[in-house]
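Below is one structure; the comments refer to it alone.
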Amino acid sequence: MHLPLILDMAADGLGDEIALGSGETAITYAGLRERARAGAAFLGGTPADNTAFLGGNAPAFPIGLFASAIAGRPFVPVNYRLPDADLRKILARTAPAVVIVDDEIVERAAGIEGVTVVPVSAFLAACEVPTPAPDEETINDIAILLFTSGTTGEPKAAVLRQSNLASYVISTVEFMGAAFDGQATLMSVPPYHIAGVSAVLTALYGGRRMVQLAQFTPESWVETARAEAVTHAMVVPTMLGRILAVIERDGVTLPALRHLSYGGGRMPASVIEKALELLPGVDFVNAYGLTETSSTIAVLTPDDHRVCRASEDPLIRRRLGSVGRPLPSLELQVMAGEGVPAPAGELGEIWVRGEQVSGEYIGKKAIRDDGWFPTNDHGWLDADGYLFVEGRLDDVIVRGGENISPGEIEDVLRLHPAVVDVAVFGLPDDEWGEKVAAAVVAAEAIEGRLLTQWVRERLRSTKAPEVVFFRVELPYNETGKLLRRALKAELSGS
Amino acid sequence: MKLTPGTRLKSAACDTEVVVVRVPSEGAITCGGAPMVPFAEAKPAGVSLDSAASGGTLMGKRYHDEQTGLEMLCTKPGKGSLAIDGRPLQLREAKQLPSSD
């Protein structure tokens, strides 16, 4: 299985239906394949091993992705938000490469050895040249390279093979299951994020029209969702909070929206509760996955959301804060130690195994010989197999031999009326090795010791923050992941 | 012919094309009653559809055989139906998963 085959199936099955956009600039499924073939011929005429992509959500992204696959080259969407120095270092690592760059920012990629810059406008023009199907397939086993954000050290290039992505698509999406039903999906997660990539593949295979938002702002998201009668969307938690604020402010809902999935970071309970209240007709899905697993590996379904919210049983109700259950097409377990699965309710490292799991970086395999991929995420399963993700293993605080997860403490602090946002992390401590620290964005002036007391009354005293810092805002990356390590680094000296 | 996940086959008796998702332990794969051929090879001439194996294939559907573990995805539909060692393959109903992308 490979990506061009997915495009072929969609183009054969849905030919003249609209795949992308609307109105005069709409592109059909057949049109997408024609452009991808032309783009492949164009790329084939350039000396390169990889196709890098530096741009937002726009037609050049899916066209470039498939053109590169047909041309037999890995496609490498790069984070355009990186500072120039980091960006250029990553582009240099893709050499020899062609980089397709948004016209406005071509100079950011100019003058890197072995990297040929092609502006998006020139690439799209080349894709308009009628081109026959290639005589033979030149499929590269590697479909996508994604540089992971890497809060420490050099970014790693995660390798996603054709078989990983194709297996994810065919095992989770019904072919043409969304076709002929007026469905449209709003893509606002950037192309360099795994969810941006998988969204293209699953929309295409399912036959759901793609609507692209080049740059996310909550206002433009809401406006586009209304204007394009968007039925489906995927957002990260910070996006959802801001979208809800817009809806609340203008008092108009999203009448066409049927389905909203969220993931990519921890969703505060208050935000999802508000979403369920403001958008009562909408199905919500919480999806958990990693770059190295070709996107989603566990989902909290719309039914789960309804059942959990309506339940009086605290054990069921708390599942609203879980990521649901693992996909049936893979295996997932929580490991307490080497070869020892953790019993229900006990914390450990989340391991996953399945065809969609790559667990591989350029120059390094993180997957074990038996196929299991230790995710470096910390979590636990409840008695019915619902998965709770606490955060990165590296964020676990080790205080006097006790492993403490910051997520649980943050959840408790967030319930305090004065707390707007919070990050919990470990700081070096002479006596305990590490001590629990919290950085808080407060709605009103409050003493740190009152917050410590708040936690002590609700959790074990060892989990109560020993130091509380106040901040105007907390550091997040652009997909809503809290950067605890940035705070830790900043505050370690104090 | 060695099958691996991703191997593409076509029917000698109709338009059906498939891709192998899971490799069978063993067995001869047929469509429309005739052995399937590798995608890149020419179809043998004069093969006609066996009326006993003419249920047809559906685009995008997955077909499987429990006994051998074979699973194939139909990438182009046709009039023939798929079998292994004469045993018709079963349509695998898609697991209903909500969209998460």
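Lettering and numbering for the structure tokens are positional, with chains as A, B, ... in the shown order, residues counted from 1 in each chain, and ligands counted from 1 in the shown order.
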
- Task: Please return, as a count of residues only, all residues of chain B lying within 7 Å of chain A when only C-alpha atoms are considered.
- Result: 9

Which residues are near Asp370 (chain A)? Cut-off 12 Å, only C-alpha atoms, ignore same chain within fewer than 4 positions. Put them as a compact mmCIF listing (two decimals) with N, CA, C and O atoms, in the first residue's frame.
```txt
# COMPACT_ATOMS: atom_id res chain seq x y z
N GLY A 339 9.08 -5.42 30.41
CA GLY A 339 8.31 -6.65 30.24
C GLY A 339 7.19 -6.85 31.24
O GLY A 339 6.59 -7.91 31.28
N TRP A 351 2.93 1.83 25.70
CA TRP A 351 3.57 1.14 24.58
C TRP A 351 2.51 0.82 23.54
O TRP A 351 1.38 0.50 23.90
N VAL A 352 2.89 0.84 22.28
CA VAL A 352 1.92 0.56 21.23
C VAL A 352 2.58 -0.26 20.13
O VAL A 352 3.79 -0.15 19.89
N ARG A 353 1.77 -1.11 19.49
CA ARG A 353 2.28 -1.97 18.41
C ARG A 353 1.22 -2.10 17.32
O ARG A 353 0.05 -2.33 17.62
N GLY A 354 1.62 -1.95 16.09
CA GLY A 354 0.68 -2.11 14.98
C GLY A 354 1.30 -1.62 13.69
O GLY A 354 2.38 -1.01 13.69
N ALA A 366 13.43 3.53 17.27
CA ALA A 366 13.01 3.53 18.67
C ALA A 366 12.03 2.38 18.91
O ALA A 366 11.53 2.21 20.02
N PRO A 374 7.82 2.02 22.62
CA PRO A 374 7.62 2.76 23.87
C PRO A 374 7.47 4.25 23.54
O PRO A 374 8.37 4.83 22.95
```

Do a neighbour search on Ser81 (chain B) at 7 Å with only C-alpha atoms, toss out local chain neighbours closer than 6 positions, and write the hits as a list in words.
->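 So the residues in contact are Cys31, Gly32, Ala53, Ser54, Gly55, Gly56 and Thr57 of chain B.
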
Near Pro44 (chain B), within 12 Å and counting only C-alpha atoms, which residues show up once chain neighbours fewer than 3 positions away are dropped, as a PDB file with N, CA and C atoms, in the first residue's frame?
```
ATOM      1  N   LYS B  10      -4.260  -8.336 -10.275  1.00  0.00           N
ATOM      2  CA  LYS B  10      -5.461  -8.029 -11.049  1.00  0.00           C
ATOM      3  C   LYS B  10      -6.106  -9.316 -11.519  1.00  0.00           C
ATOM      4  N   SER B  11      -7.374  -9.190 -11.803  1.00  0.00           N
ATOM      5  CA  SER B  11      -8.142 -10.350 -12.230  1.00  0.00           C
ATOM      6  C   SER B  11      -7.849 -10.642 -13.698  1.00  0.00           C
ATOM      7  N   ALA B  12      -7.784 -11.935 -14.034  1.00  0.00           N
ATOM      8  CA  ALA B  12      -7.626 -12.306 -15.444  1.00  0.00           C
ATOM      9  C   ALA B  12      -8.983 -12.347 -16.125  1.00  0.00           C
ATOM     10  N   ALA B  13     -10.049 -12.365 -15.316  1.00  0.00           N
ATOM     11  CA  ALA B  13     -11.385 -12.589 -15.879  1.00  0.00           C
ATOM     12  C   ALA B  13     -12.282 -11.358 -15.857  1.00  0.00           C
ATOM     13  N   CYS B  14     -11.861 -10.305 -15.153  1.00  0.00           N
ATOM     14  CA  CYS B  14     -12.692  -9.090 -15.100  1.00  0.00           C
ATOM     15  C   CYS B  14     -11.811  -7.886 -14.788  1.00  0.00           C
ATOM     16  N   ALA B  34     -10.607 -17.480 -12.038  1.00  0.00           N
ATOM     17  CA  ALA B  34      -9.297 -17.651 -12.666  1.00  0.00           C
ATOM     18  C   ALA B  34      -8.196 -17.108 -11.749  1.00  0.00           C
ATOM     19  N   PRO B  35      -7.005 -17.730 -11.789  1.00  0.00           N
ATOM     20  CA  PRO B  35      -5.898 -17.224 -10.954  1.00  0.00           C
ATOM     21  C   PRO B  35      -5.644 -15.747 -11.222  1.00  0.00           C
ATOM     22  N   MET B  36      -5.410 -14.992 -10.154  1.00  0.00           N
ATOM     23  CA  MET B  36      -5.101 -13.571 -10.324  1.00  0.00           C
ATOM     24  C   MET B  36      -3.654 -13.425 -10.780  1.00  0.00           C
ATOM     25  N   VAL B  37      -3.382 -12.349 -11.498  1.00  0.00           N
ATOM     26  CA  VAL B  37      -2.039 -12.162 -12.044  1.00  0.00           C
ATOM     27  C   VAL B  37      -1.389 -10.910 -11.449  1.00  0.00           C
ATOM     28  N   PRO B  38      -0.055 -10.918 -11.399  1.00  0.00           N
ATOM     29  CA  PRO B  38       0.630  -9.727 -10.883  1.00  0.00           C
ATOM     30  C   PRO B  38       0.234  -8.489 -11.681  1.00  0.00           C
ATOM     31  N   GLU B  41       2.032  -7.587 -14.958  1.00  0.00           N
ATOM     32  CA  GLU B  41       2.055  -8.534 -16.086  1.00  0.00           C
ATOM     33  C   GLU B  41       0.803  -8.408 -16.948  1.00  0.00           C
ATOM     34  N   VAL B  47      -9.458 -15.672 -21.068  1.00  0.00           N
ATOM     35  CA  VAL B  47     -10.017 -16.138 -19.788  1.00  0.00           C
ATOM     36  C   VAL B  47     -11.424 -15.557 -19.630  1.00  0.00           C
ATOM     37  N   SER B  48     -12.391 -16.399 -19.393  1.00  0.00           N
ATOM     38  CA  SER B  48     -13.746 -15.871 -19.222  1.00  0.00           C
ATOM     39  C   SER B  48     -14.195 -16.020 -17.774  1.00  0.00           C
TER      40      SER B  48
END
```

Do a neighbour search on Ala158 (chain A) at 8 Å with only C-alpha atoms, toss out local chain neighbours closer than 5 positions, and write the hits as a short mmCIF file (atom, residue, chain, number, x, y, z; two decimals) with N, CA, C and O atoms, in the first residue's frame.
```cif
data_model
loop_
_atom_site.label_atom_id
_atom_site.label_comp_id
_atom_site.auth_asym_id
_atom_site.auth_seq_id
_atom_site.Cartn_x
_atom_site.Cartn_y
_atom_site.Cartn_z
N LEU A 145 8.73 12.67 5.99
CA LEU A 145 9.65 12.92 7.12
C LEU A 145 9.10 14.12 7.87
O LEU A 145 8.80 15.16 7.26
N LEU A 146 8.96 13.98 9.19
CA LEU A 146 8.49 15.11 10.00
C LEU A 146 9.50 15.38 11.10
O LEU A 146 9.84 14.49 11.88
N PHE A 147 9.97 16.60 11.14
CA PHE A 147 10.91 16.96 12.20
C PHE A 147 10.10 17.23 13.45
O PHE A 147 9.24 18.10 13.47
N THR A 148 10.36 16.46 14.50
CA THR A 148 9.58 16.60 15.72
C THR A 148 10.11 17.81 16.50
O THR A 148 11.30 18.10 16.47
N THR A 291 3.34 11.60 16.36
CA THR A 291 3.92 11.62 15.02
C THR A 291 4.36 10.21 14.65
O THR A 291 4.08 9.71 13.56
N GLU A 292 5.06 9.55 15.57
CA GLU A 292 5.66 8.25 15.30
C GLU A 292 4.63 7.13 15.14
O GLU A 292 4.99 5.98 14.86
N GLY A 359 7.71 4.43 14.77
CA GLY A 359 8.70 4.40 15.85
C GLY A 359 10.12 4.50 15.34
O GLY A 359 11.03 3.87 15.87
N GLU A 360 10.31 5.29 14.31
CA GLU A 360 11.60 5.32 13.64
C GLU A 360 11.99 6.76 13.32
O GLU A 360 11.15 7.56 12.92
N TYR A 361 13.27 7.05 13.48
CA TYR A 361 13.80 8.35 13.08
C TYR A 361 14.94 8.10 12.11
O TYR A 361 15.48 6.99 12.05
N ILE A 362 15.32 9.15 11.37
CA ILE A 362 16.49 9.00 10.51
C ILE A 362 17.69 8.66 11.40
O ILE A 362 17.98 9.39 12.34
#
```

* **Exercise: Thr116 (chain A) partners within 9 Å, only C-alpha atoms, chain neighbours under 4 positions left out, as a list in words** =>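 Here the answer would be Thr46, Pro47, Ala48, Ala95, Pro96, Ala97, Val98, Val99, Ile100, Ala109, Ala110, Gly111 and Ile112 of chain A.
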
Taking 2 positions as the minimum chain separation for residues in the same chain, which residues sit within 12 Å of Ala438 (chain A) when counting only C-alpha atoms? Answer as a short mmCIF file (atom, residue, chain, number, x, y, z; two decimals) with C-alpha atoms, in the first residue's frame.
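Result file out-v2.cif:
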```
data_model
loop_
_atom_site.label_atom_id
_atom_site.label_comp_id
_atom_site.auth_asym_id
_atom_site.auth_seq_id
_atom_site.Cartn_x
_atom_site.Cartn_y
_atom_site.Cartn_z
CA ILE A 397 8.71 14.56 38.90
CA PRO A 406 2.30 16.91 36.81
CA GLY A 407 -1.01 16.46 34.94
CA ILE A 409 -1.77 18.29 40.08
CA GLU A 410 -2.50 20.74 37.27
CA ASP A 411 -6.05 19.37 37.01
CA VAL A 412 -6.62 20.02 40.71
CA LEU A 413 -5.14 23.52 40.57
CA ARG A 414 -7.27 24.38 37.55
CA VAL A 419 -6.35 29.83 38.56
CA ASP A 421 -3.73 28.39 33.68
CA VAL A 422 -1.08 26.33 35.37
CA ALA A 423 2.03 24.28 34.74
CA VAL A 424 3.51 21.87 37.26
CA PHE A 425 7.09 20.66 36.97
CA GLY A 426 10.01 19.49 39.04
CA LEU A 427 12.84 21.66 40.30
CA LYS A 435 10.47 19.23 44.48
CA VAL A 436 7.07 20.02 43.02
CA VAL A 440 0.30 29.86 37.75
CA VAL A 441 -1.56 32.43 35.69
CA ALA A 442 -3.97 33.90 38.23
CA GLY A 448 0.94 30.77 46.73
CA ARG A 449 0.51 29.01 50.06
CA LEU A 451 -2.80 27.06 46.31
CA THR A 452 -0.41 24.64 48.04
CA VAL A 455 -3.71 20.71 46.51
CA LYS A 463 2.02 16.31 45.56
CA ALA A 464 1.38 19.79 46.93
CA PRO A 465 3.62 22.37 45.21
CA GLU A 466 6.41 23.57 47.47
CA VAL A 467 6.99 26.65 45.35
CA VAL A 468 4.44 28.63 43.36
CA PHE A 469 5.47 31.15 40.72
CA PHE A 470 3.09 33.62 39.11
CA ARG A 471 3.22 34.33 35.40
CA LEU A 474 2.68 30.09 30.09
CA ARG A 484 7.03 22.45 31.01
CA LEU A 487 9.74 26.72 32.57
CA LYS A 488 11.87 24.22 34.39
CA LEU A 491 13.30 28.55 36.98
#
```

Q. With only C-alpha atoms as the basis for distance, which of B:Gln96, B:Thr30, B:Gln67, B:Ser51 is at the shortest distance from Val18 (chain B)?
A.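 Smallest distance to Val18 (chain B) is found for B:Thr30.
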
* Point-to-point distance from CA of Leu73 (chain B) to CA of Lys61 (chain B), Å rounded to tenths ->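 Between these atoms lies a distance of 5.8 Å.
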
Among listed residues A:Ala133, A:Ala19, A:Val389, A:Asn140, nearest Ala179 (chain A) (using only C-alpha atoms):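 The answer is A:Ala19, which sits nearest to Ala179 (chain A).
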